[in-house]
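Structure record follows, encoded as structure tokens.
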Amino acid sequence: MQDSIYTIPINEVFEPKDGCPICRMRDMLETRGIDYIMGAAMMEPDVRIETNRLGFCKLHYDKMLQQKNRLSLALMLESHLKEIQEKGIGKYVPAPSGGLFKKKETAKPEETCFVCSKIEWAEERFFDTILKMYGQSEEFRSLFQEQERLCFPHYRELCAFASERMNKKLLPDFLKDAGALCQKALDELKNDVSHYCKMFDYRNTGAEADWGNSRDSIERAIAFLTSREPEKKK
């Protein structure tokens, strides 16, 4: 399959074979989105309209706070707060949905985010390109199979997307390959976390205790289950 402006970013994401490639893709899009909004785009009227309408989620507010340009963030906050003030806070009360906490796990998020919306838009196109490359390029299919793992959330998202969009003849092979990457990571983590728990048995204490690969298994398990590295203790 000939390289193009669509396939080159995918190959760049998959080449490292380190961790979950979809996490790498998301992180790349996230970094670009935050750099974009914290730069000159912050002063563009059409962008400001969107940031006023959508705001940002806590995760991306935190990431913007880590940037050096606090003034850009302050100006966006000033504009966003002004819009809420002018519309009136009553406009933001959600419509009744059968109880605030009813079926919370399937409810749509109340909070919207400019960066999340851009990532979701780009991810759909990336996913579509991944499926096309898998079907048309033996080289990419091998590259996909050689990945270290797929995290649990991205395994589910990618397989759900493939089930809707992919050629039905190719789908079983794709699901098998994606499942193998996720299953391998799951099995290794389960063993490491179980080993970690066993090390607290009094029979496994002492200077000669063999922790194996289990010392950071909690952090790695959280990353696998959420697609996000847990915050380090300050």
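By convention here, the chains of the structure tokens are called A, B, ... in the order presented, each chain's residues are numbered starting at 1, and ligands are numbered starting at 1 in the order presented.
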
Please identify all polymer residues within 12 Å of A:Lys58, counting only C-alpha atoms, omitting same-chain residues fewer than 2 positions from it, and present them as a PyMOL selection string. chain A and resi 55-56+60-65+111-116

Emit the selected residues as a JSON list (two decimals), in the first residue's frame, including C-alpha atoms.
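Dumped everything to result-v2.json:
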```json
[["chain", "number", "residue", "atom", "x", "y", "z"],
["A", 55, "GLY", "CA", -15.34, 24.35, 27.37],
["A", 56, "PHE", "CA", -12.84, 21.67, 28.46],
["A", 60, "HIS", "CA", -7.45, 18.81, 29.53],
["A", 61, "TYR", "CA", -7.69, 21.78, 31.87],
["A", 62, "ASP", "CA", -4.99, 20.05, 33.92],
["A", 63, "LYS", "CA", -2.83, 19.53, 30.84],
["A", 64, "MET", "CA", -3.26, 23.16, 29.79],
["A", 65, "LEU", "CA", -2.27, 24.25, 33.28],
["A", 111, "GLU", "CA", -19.28, 17.95, 30.49],
["A", 112, "THR", "CA", -18.12, 18.72, 26.96],
["A", 113, "CYS", "CA", -14.59, 19.47, 25.87],
["A", 114, "PHE", "CA", -13.08, 21.20, 22.84],
["A", 115, "VAL", "CA", -9.96, 19.01, 22.86],
["A", 116, "CYS", "CA", -11.95, 15.78, 23.33]]
```

Can you pull out every residue within 12 Å of stretch 67-76 of chain A, counting only C-alpha atoms, but drop anything in the same chain fewer than 5 positions away, and send it as a PyMOL selection string? chain A and resi 31+34-45+47-56+60-62+81-83+114

Selection to disk with N, CA and C atoms, as a PDB file, in the first residue's frame:
```pdb
ATOM      1  N   THR A  31      -1.723  16.116  22.382  1.00  0.00           N
ATOM      2  CA  THR A  31      -0.638  17.096  22.457  1.00  0.00           C
ATOM      3  C   THR A  31      -0.803  18.162  21.386  1.00  0.00           C
ATOM      4  N   ILE A  34      -3.779  20.517  22.271  1.00  0.00           N
ATOM      5  CA  ILE A  34      -3.492  21.471  23.342  1.00  0.00           C
ATOM      6  C   ILE A  34      -2.515  22.533  22.865  1.00  0.00           C
ATOM      7  N   ASP A  35      -1.489  22.117  22.103  1.00  0.00           N
ATOM      8  CA  ASP A  35      -0.546  23.101  21.550  1.00  0.00           C
ATOM      9  C   ASP A  35      -1.271  24.085  20.640  1.00  0.00           C
ATOM     10  N   TYR A  36      -2.224  23.559  19.872  1.00  0.00           N
ATOM     11  CA  TYR A  36      -2.986  24.400  18.945  1.00  0.00           C
ATOM     12  C   TYR A  36      -3.820  25.437  19.696  1.00  0.00           C
ATOM     13  N   ILE A  37      -4.554  24.976  20.693  1.00  0.00           N
ATOM     14  CA  ILE A  37      -5.463  25.888  21.385  1.00  0.00           C
ATOM     15  C   ILE A  37      -4.727  26.859  22.298  1.00  0.00           C
ATOM     16  N   MET A  38      -3.559  26.468  22.771  1.00  0.00           N
ATOM     17  CA  MET A  38      -2.785  27.358  23.630  1.00  0.00           C
ATOM     18  C   MET A  38      -1.905  28.318  22.830  1.00  0.00           C
ATOM     19  N   GLY A  39      -1.895  28.150  21.514  1.00  0.00           N
ATOM     20  CA  GLY A  39      -1.115  29.018  20.646  1.00  0.00           C
ATOM     21  C   GLY A  39      -1.959  30.114  20.031  1.00  0.00           C
ATOM     22  N   ALA A  40      -1.653  30.440  18.785  1.00  0.00           N
ATOM     23  CA  ALA A  40      -2.324  31.557  18.111  1.00  0.00           C
ATOM     24  C   ALA A  40      -3.807  31.299  17.894  1.00  0.00           C
ATOM     25  N   ALA A  41      -4.216  30.024  17.837  1.00  0.00           N
ATOM     26  CA  ALA A  41      -5.628  29.711  17.596  1.00  0.00           C
ATOM     27  C   ALA A  41      -6.526  30.264  18.687  1.00  0.00           C
ATOM     28  N   MET A  42      -5.954  30.461  19.871  1.00  0.00           N
ATOM     29  CA  MET A  42      -6.730  30.982  20.996  1.00  0.00           C
ATOM     30  C   MET A  42      -7.371  32.330  20.673  1.00  0.00           C
ATOM     31  N   MET A  43      -6.754  33.100  19.755  1.00  0.00           N
ATOM     32  CA  MET A  43      -7.262  34.426  19.421  1.00  0.00           C
ATOM     33  C   MET A  43      -8.186  34.415  18.201  1.00  0.00           C
ATOM     34  N   GLU A  44      -8.364  33.257  17.552  1.00  0.00           N
ATOM     35  CA  GLU A  44      -9.223  33.199  16.379  1.00  0.00           C
ATOM     36  C   GLU A  44     -10.691  33.185  16.804  1.00  0.00           C
ATOM     37  N   PRO A  45     -11.506  34.088  16.242  1.00  0.00           N
ATOM     38  CA  PRO A  45     -12.913  34.200  16.667  1.00  0.00           C
ATOM     39  C   PRO A  45     -13.704  32.909  16.563  1.00  0.00           C
ATOM     40  N   VAL A  47     -12.612  29.825  16.657  1.00  0.00           N
ATOM     41  CA  VAL A  47     -12.150  28.884  17.676  1.00  0.00           C
ATOM     42  C   VAL A  47     -12.680  29.293  19.042  1.00  0.00           C
ATOM     43  N   ARG A  48     -12.656  30.589  19.325  1.00  0.00           N
ATOM     44  CA  ARG A  48     -13.154  31.070  20.621  1.00  0.00           C
ATOM     45  C   ARG A  48     -14.638  30.750  20.789  1.00  0.00           C
ATOM     46  N   ILE A  49     -15.410  30.838  19.705  1.00  0.00           N
ATOM     47  CA  ILE A  49     -16.832  30.484  19.766  1.00  0.00           C
ATOM     48  C   ILE A  49     -16.997  29.025  20.190  1.00  0.00           C
ATOM     49  N   GLU A  50     -16.164  28.137  19.623  1.00  0.00           N
ATOM     50  CA  GLU A  50     -16.235  26.724  19.954  1.00  0.00           C
ATOM     51  C   GLU A  50     -15.796  26.442  21.388  1.00  0.00           C
ATOM     52  N   THR A  51     -14.724  27.086  21.828  1.00  0.00           N
ATOM     53  CA  THR A  51     -14.262  26.849  23.205  1.00  0.00           C
ATOM     54  C   THR A  51     -15.253  27.415  24.216  1.00  0.00           C
ATOM     55  N   ASN A  52     -15.908  28.507  23.857  1.00  0.00           N
ATOM     56  CA  ASN A  52     -16.951  29.043  24.739  1.00  0.00           C
ATOM     57  C   ASN A  52     -18.119  28.076  24.854  1.00  0.00           C
ATOM     58  N   ARG A  53     -18.459  27.434  23.737  1.00  0.00           N
ATOM     59  CA  ARG A  53     -19.607  26.521  23.708  1.00  0.00           C
ATOM     60  C   ARG A  53     -19.299  25.199  24.413  1.00  0.00           C
ATOM     61  N   LEU A  54     -18.105  24.663  24.168  1.00  0.00           N
ATOM     62  CA  LEU A  54     -17.776  23.325  24.659  1.00  0.00           C
ATOM     63  C   LEU A  54     -17.003  23.321  25.970  1.00  0.00           C
ATOM     64  N   GLY A  55     -16.193  24.357  26.193  1.00  0.00           N
ATOM     65  CA  GLY A  55     -15.343  24.345  27.371  1.00  0.00           C
ATOM     66  C   GLY A  55     -14.306  23.239  27.264  1.00  0.00           C
ATOM     67  N   PHE A  56     -13.831  22.734  28.420  1.00  0.00           N
ATOM     68  CA  PHE A  56     -12.835  21.668  28.459  1.00  0.00           C
ATOM     69  C   PHE A  56     -13.134  20.751  29.638  1.00  0.00           C
ATOM     70  N   HIS A  60      -8.111  17.899  30.461  1.00  0.00           N
ATOM     71  CA  HIS A  60      -7.449  18.808  29.534  1.00  0.00           C
ATOM     72  C   HIS A  60      -7.223  20.188  30.141  1.00  0.00           C
ATOM     73  N   TYR A  61      -8.039  20.581  31.104  1.00  0.00           N
ATOM     74  CA  TYR A  61      -7.691  21.780  31.873  1.00  0.00           C
ATOM     75  C   TYR A  61      -6.371  21.544  32.609  1.00  0.00           C
ATOM     76  N   ASP A  62      -6.229  20.364  33.201  1.00  0.00           N
ATOM     77  CA  ASP A  62      -4.988  20.046  33.919  1.00  0.00           C
ATOM     78  C   ASP A  62      -3.787  20.090  32.981  1.00  0.00           C
ATOM     79  N   LEU A  81     -16.431  31.966  30.841  1.00  0.00           N
ATOM     80  CA  LEU A  81     -17.234  32.367  31.998  1.00  0.00           C
ATOM     81  C   LEU A  81     -18.209  33.487  31.638  1.00  0.00           C
ATOM     82  N   LYS A  82     -17.750  34.407  30.779  1.00  0.00           N
ATOM     83  CA  LYS A  82     -18.617  35.510  30.351  1.00  0.00           C
ATOM     84  C   LYS A  82     -19.823  34.987  29.589  1.00  0.00           C
ATOM     85  N   GLU A  83     -19.600  33.985  28.715  1.00  0.00           N
ATOM     86  CA  GLU A  83     -20.709  33.432  27.941  1.00  0.00           C
ATOM     87  C   GLU A  83     -21.731  32.757  28.852  1.00  0.00           C
ATOM     88  N   PHE A 114     -13.571  20.858  24.172  1.00  0.00           N
ATOM     89  CA  PHE A 114     -13.082  21.203  22.839  1.00  0.00           C
ATOM     90  C   PHE A 114     -12.013  20.225  22.375  1.00  0.00           C
TER      91      PHE A 114
END
```

Between atom CA of A:Glu188 and atom CA of A:Asp18, distance in Å (one decimal):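 Computing it gives 15.3 Å between the two atoms.
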
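Shortest separation to A:Asn11 among A:Asp216, A:Glu139, A:Glu30, A:Glu123 occurs at residue A:Glu139, atoms counted being only C-alpha atoms.
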
Taking only C-alpha atoms into account, produce a table as a tab-separated table in which each residue of stretch 210-234 of chain A with an atom at most 12 Å from an atom of stretch 155-167 of chain A appears once, together with its shortest atom pair and the distance in Å to one decimal, ordered by chain and rising number.
```
residue	atom	partner	partner_atom	distance
A:Phe224	CA	A:Tyr155	CA	10.1
A:Leu225	CA	A:Tyr155	CA	10.4
A:Thr226	CA	A:Tyr155	CA	11.2
A:Ser227	CA	A:Tyr155	CA	10.0
```

Selection to disk with N, CA and C atoms, as a PDB file, in the first residue's frame:
```pdb
ATOM      1  N   PHE A 224      -3.752  -0.209  31.720  1.00  0.00           N
ATOM      2  CA  PHE A 224      -4.398  -1.154  30.805  1.00  0.00           C
ATOM      3  C   PHE A 224      -5.915  -1.006  30.835  1.00  0.00           C
ATOM      4  N   LEU A 225      -6.465  -0.820  32.023  1.00  0.00           N
ATOM      5  CA  LEU A 225      -7.925  -0.767  32.178  1.00  0.00           C
ATOM      6  C   LEU A 225      -8.522   0.580  31.806  1.00  0.00           C
ATOM      7  N   THR A 226      -7.720   1.653  31.842  1.00  0.00           N
ATOM      8  CA  THR A 226      -8.256   3.005  31.620  1.00  0.00           C
ATOM      9  C   THR A 226      -7.667   3.706  30.400  1.00  0.00           C
ATOM     10  N   SER A 227      -6.565   3.209  29.872  1.00  0.00           N
ATOM     11  CA  SER A 227      -5.792   3.812  28.781  1.00  0.00           C
ATOM     12  C   SER A 227      -5.013   5.045  29.237  1.00  0.00           C
TER      13      SER A 227
END
```

Please identify the alpha helix (DSSP H) residues within stretch 58-216 of chain A (assignment by DSSP from backbone atoms) and present them as a tab-separated table (two decimals) with N, CA and C atoms, in the first residue's frame.
```tsv
chain	number	residue	atom	x	y	z
A	58	LYS	N	-11.84	18.24	32.81
A	58	LYS	CA	-10.82	18.46	33.83
A	58	LYS	C	-9.45	17.97	33.38
A	59	LEU	N	-9.41	16.81	32.72
A	59	LEU	CA	-8.14	16.27	32.26
A	59	LEU	C	-7.40	17.27	31.39
A	60	HIS	N	-8.11	17.90	30.46
A	60	HIS	CA	-7.45	18.81	29.53
A	60	HIS	C	-7.22	20.19	30.14
A	61	TYR	N	-8.04	20.58	31.10
A	61	TYR	CA	-7.69	21.78	31.87
A	61	TYR	C	-6.37	21.54	32.61
A	62	ASP	N	-6.23	20.36	33.20
A	62	ASP	CA	-4.99	20.05	33.92
A	62	ASP	C	-3.79	20.09	32.98
A	63	LYS	N	-3.95	19.55	31.79
A	63	LYS	CA	-2.83	19.53	30.84
A	63	LYS	C	-2.51	20.94	30.35
A	64	MET	N	-3.52	21.77	30.19
A	64	MET	CA	-3.26	23.16	29.79
A	64	MET	C	-2.58	23.93	30.91
A	65	LEU	N	-2.92	23.60	32.14
A	65	LEU	CA	-2.27	24.25	33.28
A	65	LEU	C	-0.78	23.92	33.34
A	70	ARG	N	0.09	30.61	30.76
A	70	ARG	CA	-1.11	30.69	31.59
A	70	ARG	C	-2.05	31.79	31.11
A	71	LEU	N	-1.52	32.83	30.46
A	71	LEU	CA	-2.37	33.92	29.98
A	71	LEU	C	-3.37	33.41	28.95
A	72	SER	N	-2.93	32.54	28.04
A	72	SER	CA	-3.86	31.99	27.05
A	72	SER	C	-5.03	31.29	27.72
A	73	LEU	N	-4.73	30.51	28.74
A	73	LEU	CA	-5.78	29.80	29.46
A	73	LEU	C	-6.69	30.78	30.19
A	74	ALA	N	-6.10	31.80	30.80
A	74	ALA	CA	-6.90	32.79	31.51
A	74	ALA	C	-7.85	33.53	30.57
A	75	LEU	N	-7.38	33.86	29.37
A	75	LEU	CA	-8.23	34.56	28.40
A	75	LEU	C	-9.38	33.67	27.94
A	76	MET	N	-9.11	32.38	27.73
A	76	MET	CA	-10.18	31.45	27.36
A	76	MET	C	-11.19	31.29	28.48
A	77	LEU	N	-10.70	31.20	29.71
A	77	LEU	CA	-11.60	31.08	30.86
A	77	LEU	C	-12.45	32.33	31.02
A	78	GLU	N	-11.85	33.49	30.83
A	78	GLU	CA	-12.59	34.74	30.94
A	78	GLU	C	-13.74	34.77	29.94
A	79	SER	N	-13.44	34.37	28.69
A	79	SER	CA	-14.45	34.37	27.64
A	79	SER	C	-15.53	33.33	27.90
A	80	HIS	N	-15.13	32.15	28.36
A	80	HIS	CA	-16.08	31.07	28.63
A	80	HIS	C	-17.00	31.43	29.79
A	81	LEU	N	-16.43	31.97	30.84
A	81	LEU	CA	-17.23	32.37	32.00
A	81	LEU	C	-18.21	33.49	31.64
A	82	LYS	N	-17.75	34.41	30.78
A	82	LYS	CA	-18.62	35.51	30.35
A	82	LYS	C	-19.82	34.99	29.59
A	83	GLU	N	-19.60	33.98	28.71
A	83	GLU	CA	-20.71	33.43	27.94
A	83	GLU	C	-21.73	32.76	28.85
A	84	ILE	N	-21.25	32.00	29.84
A	84	ILE	CA	-22.16	31.35	30.79
A	84	ILE	C	-22.95	32.41	31.55
A	85	GLN	N	-22.25	33.45	31.94
A	85	GLN	CA	-22.87	34.54	32.69
A	85	GLN	C	-23.97	35.21	31.87
A	86	GLU	N	-23.68	35.48	30.59
A	86	GLU	CA	-24.63	36.19	29.74
A	86	GLU	C	-25.83	35.31	29.38
A	87	LYS	N	-25.61	34.01	29.18
A	87	LYS	CA	-26.73	33.12	28.86
A	87	LYS	C	-27.60	32.86	30.07
A	114	PHE	N	-13.57	20.86	24.17
A	114	PHE	CA	-13.08	21.20	22.84
A	114	PHE	C	-12.01	20.23	22.37
A	115	VAL	N	-11.05	19.91	23.24
A	115	VAL	CA	-9.96	19.01	22.86
A	115	VAL	C	-10.49	17.60	22.63
A	116	CYS	N	-11.36	17.11	23.51
A	116	CYS	CA	-11.95	15.78	23.33
A	116	CYS	C	-12.69	15.67	22.00
A	117	SER	N	-13.41	16.72	21.63
A	117	SER	CA	-14.17	16.69	20.38
A	117	SER	C	-13.25	16.59	19.18
A	118	LYS	N	-12.10	17.27	19.23
A	118	LYS	CA	-11.14	17.21	18.13
A	118	LYS	C	-10.49	15.82	18.06
A	119	ILE	N	-10.18	15.25	19.23
A	119	ILE	CA	-9.59	13.92	19.26
A	119	ILE	C	-10.57	12.89	18.70
A	120	GLU	N	-11.82	12.96	19.10
A	120	GLU	CA	-12.83	12.01	18.63
A	120	GLU	C	-13.01	12.12	17.11
A	121	TRP	N	-13.00	13.35	16.60
A	121	TRP	CA	-13.14	13.56	15.16
A	121	TRP	C	-11.98	12.91	14.42
A	122	ALA	N	-10.76	13.13	14.91
A	122	ALA	CA	-9.57	12.58	14.25
A	122	ALA	C	-9.47	11.07	14.43
A	123	GLU	N	-9.84	10.56	15.61
A	123	GLU	CA	-9.76	9.12	15.86
A	123	GLU	C	-10.62	8.33	14.90
A	124	GLU	N	-11.79	8.84	14.58
A	124	GLU	CA	-12.67	8.12	13.65
A	124	GLU	C	-11.98	7.94	12.30
A	125	ARG	N	-11.29	8.98	11.86
A	125	ARG	CA	-10.60	8.91	10.58
A	125	ARG	C	-9.36	8.02	10.66
A	126	PHE	N	-8.67	8.08	11.79
A	126	PHE	CA	-7.52	7.19	12.00
A	126	PHE	C	-7.97	5.73	12.02
A	127	PHE	N	-9.04	5.45	12.74
A	127	PHE	CA	-9.55	4.08	12.82
A	127	PHE	C	-9.91	3.56	11.42
A	128	ASP	N	-10.55	4.41	10.64
A	128	ASP	CA	-10.95	4.01	9.29
A	128	ASP	C	-9.72	3.68	8.44
A	129	THR	N	-8.66	4.48	8.59
A	129	THR	CA	-7.43	4.24	7.84
A	129	THR	C	-6.74	2.97	8.31
A	130	ILE	N	-6.75	2.71	9.62
A	130	ILE	CA	-6.16	1.48	10.16
A	130	ILE	C	-6.82	0.26	9.54
A	131	LEU	N	-8.14	0.26	9.46
A	131	LEU	CA	-8.86	-0.88	8.90
A	131	LEU	C	-8.54	-1.07	7.42
A	132	LYS	N	-8.45	0.04	6.68
A	132	LYS	CA	-8.13	-0.05	5.25
A	132	LYS	C	-6.71	-0.59	5.07
A	133	MET	N	-5.77	-0.10	5.88
A	133	MET	CA	-4.38	-0.55	5.76
A	133	MET	C	-4.26	-2.03	6.13
A	134	TYR	N	-5.00	-2.45	7.14
A	134	TYR	CA	-4.99	-3.86	7.54
A	134	TYR	C	-5.46	-4.75	6.39
A	135	GLY	N	-6.48	-4.28	5.67
A	135	GLY	CA	-7.04	-5.07	4.58
A	135	GLY	C	-6.21	-5.04	3.30
A	136	GLN	N	-5.44	-3.96	3.09
A	136	GLN	CA	-4.76	-3.78	1.81
A	136	GLN	C	-3.25	-4.00	1.87
A	138	GLU	N	-0.12	-6.27	3.51
A	138	GLU	CA	0.40	-7.37	4.32
A	138	GLU	C	1.45	-6.86	5.31
A	139	GLU	N	2.21	-5.85	4.88
A	139	GLU	CA	3.25	-5.29	5.74
A	139	GLU	C	2.64	-4.65	6.98
A	140	PHE	N	1.55	-3.89	6.79
A	140	PHE	CA	0.91	-3.27	7.94
A	140	PHE	C	0.23	-4.31	8.81
A	141	ARG	N	-0.35	-5.33	8.20
A	141	ARG	CA	-0.99	-6.37	9.00
A	141	ARG	C	0.02	-7.03	9.93
A	142	SER	N	1.22	-7.28	9.41
A	142	SER	CA	2.29	-7.84	10.26
A	142	SER	C	2.68	-6.86	11.35
A	143	LEU	N	2.75	-5.58	11.00
A	143	LEU	CA	3.09	-4.55	11.98
A	143	LEU	C	2.05	-4.49	13.09
A	144	PHE	N	0.79	-4.63	12.72
A	144	PHE	CA	-0.29	-4.64	13.69
A	144	PHE	C	-0.15	-5.83	14.64
A	145	GLN	N	0.13	-7.00	14.08
A	145	GLN	CA	0.25	-8.23	14.87
A	145	GLN	C	1.45	-8.19	15.81
A	152	PHE	N	-7.34	-2.20	27.21
A	152	PHE	CA	-8.70	-2.70	27.21
A	152	PHE	C	-9.70	-1.72	26.57
A	153	PRO	N	-9.69	-0.42	26.95
A	153	PRO	CA	-10.66	0.50	26.31
A	153	PRO	C	-10.47	0.62	24.81
A	154	HIS	N	-9.22	0.71	24.35
A	154	HIS	CA	-8.99	0.88	22.91
A	154	HIS	C	-9.22	-0.41	22.13
A	155	TYR	N	-9.00	-1.54	22.77
A	155	TYR	CA	-9.37	-2.82	22.13
A	155	TYR	C	-10.88	-2.83	21.87
A	156	ARG	N	-11.65	-2.44	22.87
A	156	ARG	CA	-13.11	-2.45	22.72
A	156	ARG	C	-13.56	-1.44	21.66
A	157	GLU	N	-12.99	-0.23	21.68
A	157	GLU	CA	-13.38	0.80	20.72
A	157	GLU	C	-13.03	0.39	19.29
A	158	LEU	N	-11.82	-0.11	19.11
A	158	LEU	CA	-11.36	-0.47	17.77
A	158	LEU	C	-12.17	-1.65	17.22
A	159	CYS	N	-12.47	-2.64	18.05
A	159	CYS	CA	-13.24	-3.80	17.59
A	159	CYS	C	-14.69	-3.42	17.30
A	160	ALA	N	-15.26	-2.54	18.12
A	160	ALA	CA	-16.63	-2.07	17.86
A	160	ALA	C	-16.70	-1.31	16.55
A	161	PHE	N	-15.69	-0.47	16.31
A	161	PHE	CA	-15.64	0.30	15.06
A	161	PHE	C	-15.49	-0.65	13.88
A	162	ALA	N	-14.60	-1.65	14.02
A	162	ALA	CA	-14.38	-2.61	12.94
A	162	ALA	C	-15.65	-3.41	12.65
A	163	SER	N	-16.38	-3.77	13.68
A	163	SER	CA	-17.60	-4.56	13.50
A	163	SER	C	-18.64	-3.81	12.68
A	164	GLU	N	-18.60	-2.47	12.73
A	164	GLU	CA	-19.55	-1.65	11.98
A	164	GLU	C	-19.05	-1.32	10.57
A	165	ARG	N	-17.73	-1.15	10.43
A	165	ARG	CA	-17.21	-0.58	9.19
A	165	ARG	C	-16.40	-1.53	8.32
A	171	LEU	N	-13.06	-9.16	8.79
A	171	LEU	CA	-13.37	-8.87	10.19
A	171	LEU	C	-12.92	-9.97	11.15
A	172	PRO	N	-13.19	-11.26	10.90
A	172	PRO	CA	-12.77	-12.28	11.86
A	172	PRO	C	-11.27	-12.28	12.13
A	173	ASP	N	-10.46	-12.09	11.07
A	173	ASP	CA	-9.01	-12.05	11.24
A	173	ASP	C	-8.59	-10.85	12.07
A	174	PHE	N	-9.21	-9.70	11.80
A	174	PHE	CA	-8.87	-8.49	12.54
A	174	PHE	C	-9.23	-8.64	14.02
A	175	LEU	N	-10.41	-9.13	14.30
A	175	LEU	CA	-10.84	-9.32	15.68
A	175	LEU	C	-9.93	-10.32	16.40
A	176	LYS	N	-9.50	-11.34	15.68
A	176	LYS	CA	-8.60	-12.34	16.27
A	176	LYS	C	-7.26	-11.71	16.63
A	177	ASP	N	-6.70	-10.92	15.70
A	177	ASP	CA	-5.41	-10.29	15.94
A	177	ASP	C	-5.49	-9.25	17.06
A	178	ALA	N	-6.54	-8.44	17.05
A	178	ALA	CA	-6.71	-7.44	18.10
A	178	ALA	C	-6.92	-8.12	19.45
A	179	GLY	N	-7.72	-9.18	19.45
A	179	GLY	CA	-7.98	-9.91	20.69
A	179	GLY	C	-6.72	-10.53	21.25
A	180	ALA	N	-5.84	-11.02	20.38
A	180	ALA	CA	-4.59	-11.64	20.84
A	180	ALA	C	-3.71	-10.61	21.55
A	181	LEU	N	-3.68	-9.38	21.03
A	181	LEU	CA	-2.87	-8.33	21.64
A	181	LEU	C	-3.40	-7.94	23.01
A	182	CYS	N	-4.71	-7.84	23.13
A	182	CYS	CA	-5.33	-7.47	24.41
A	182	CYS	C	-5.23	-8.63	25.40
A	183	GLN	N	-5.49	-9.84	24.93
A	183	GLN	CA	-5.47	-11.02	25.81
A	183	GLN	C	-4.08	-11.25	26.39
A	184	LYS	N	-3.05	-11.08	25.57
A	184	LYS	CA	-1.68	-11.26	26.04
A	184	LYS	C	-1.38	-10.30	27.19
A	185	ALA	N	-1.75	-9.04	27.01
A	185	ALA	CA	-1.51	-8.04	28.06
A	185	ALA	C	-2.30	-8.36	29.32
A	186	LEU	N	-3.56	-8.78	29.14
A	186	LEU	CA	-4.42	-9.13	30.27
A	186	LEU	C	-3.83	-10.28	31.07
A	187	ASP	N	-3.40	-11.32	30.38
A	187	ASP	CA	-2.86	-12.49	31.07
A	187	ASP	C	-1.59	-12.15	31.85
A	188	GLU	N	-0.70	-11.36	31.23
A	188	GLU	CA	0.54	-10.98	31.91
A	188	GLU	C	0.26	-10.12	33.14
A	189	LEU	N	-0.66	-9.19	32.99
A	189	LEU	CA	-0.98	-8.31	34.12
A	189	LEU	C	-1.65	-9.07	35.26
A	190	LYS	N	-2.56	-9.98	34.91
A	190	LYS	CA	-3.22	-10.78	35.95
A	190	LYS	C	-2.18	-11.55	36.74
A	191	ASN	N	-1.22	-12.16	36.07
A	191	ASN	CA	-0.17	-12.91	36.75
A	191	ASN	C	0.69	-12.00	37.62
A	192	ASP	N	1.02	-10.83	37.11
A	192	ASP	CA	1.88	-9.91	37.87
A	192	ASP	C	1.16	-9.37	39.11
A	193	VAL	N	-0.12	-9.00	38.95
A	193	VAL	CA	-0.88	-8.49	40.09
A	193	VAL	C	-1.08	-9.59	41.13
A	194	SER	N	-1.36	-10.80	40.68
A	194	SER	CA	-1.51	-11.93	41.61
A	194	SER	C	-0.21	-12.18	42.36
A	195	HIS	N	0.90	-12.09	41.65
A	195	HIS	CA	2.21	-12.29	42.28
A	195	HIS	C	2.46	-11.19	43.31
A	196	TYR	N	2.09	-9.96	42.97
A	196	TYR	CA	2.24	-8.83	43.90
A	196	TYR	C	1.47	-9.11	45.19
A	197	CYS	N	0.23	-9.57	45.05
A	197	CYS	CA	-0.60	-9.86	46.23
A	197	CYS	C	0.03	-10.96	47.08
A	198	LYS	N	0.57	-11.99	46.44
A	198	LYS	CA	1.16	-13.11	47.17
A	198	LYS	C	2.41	-12.69	47.94
```
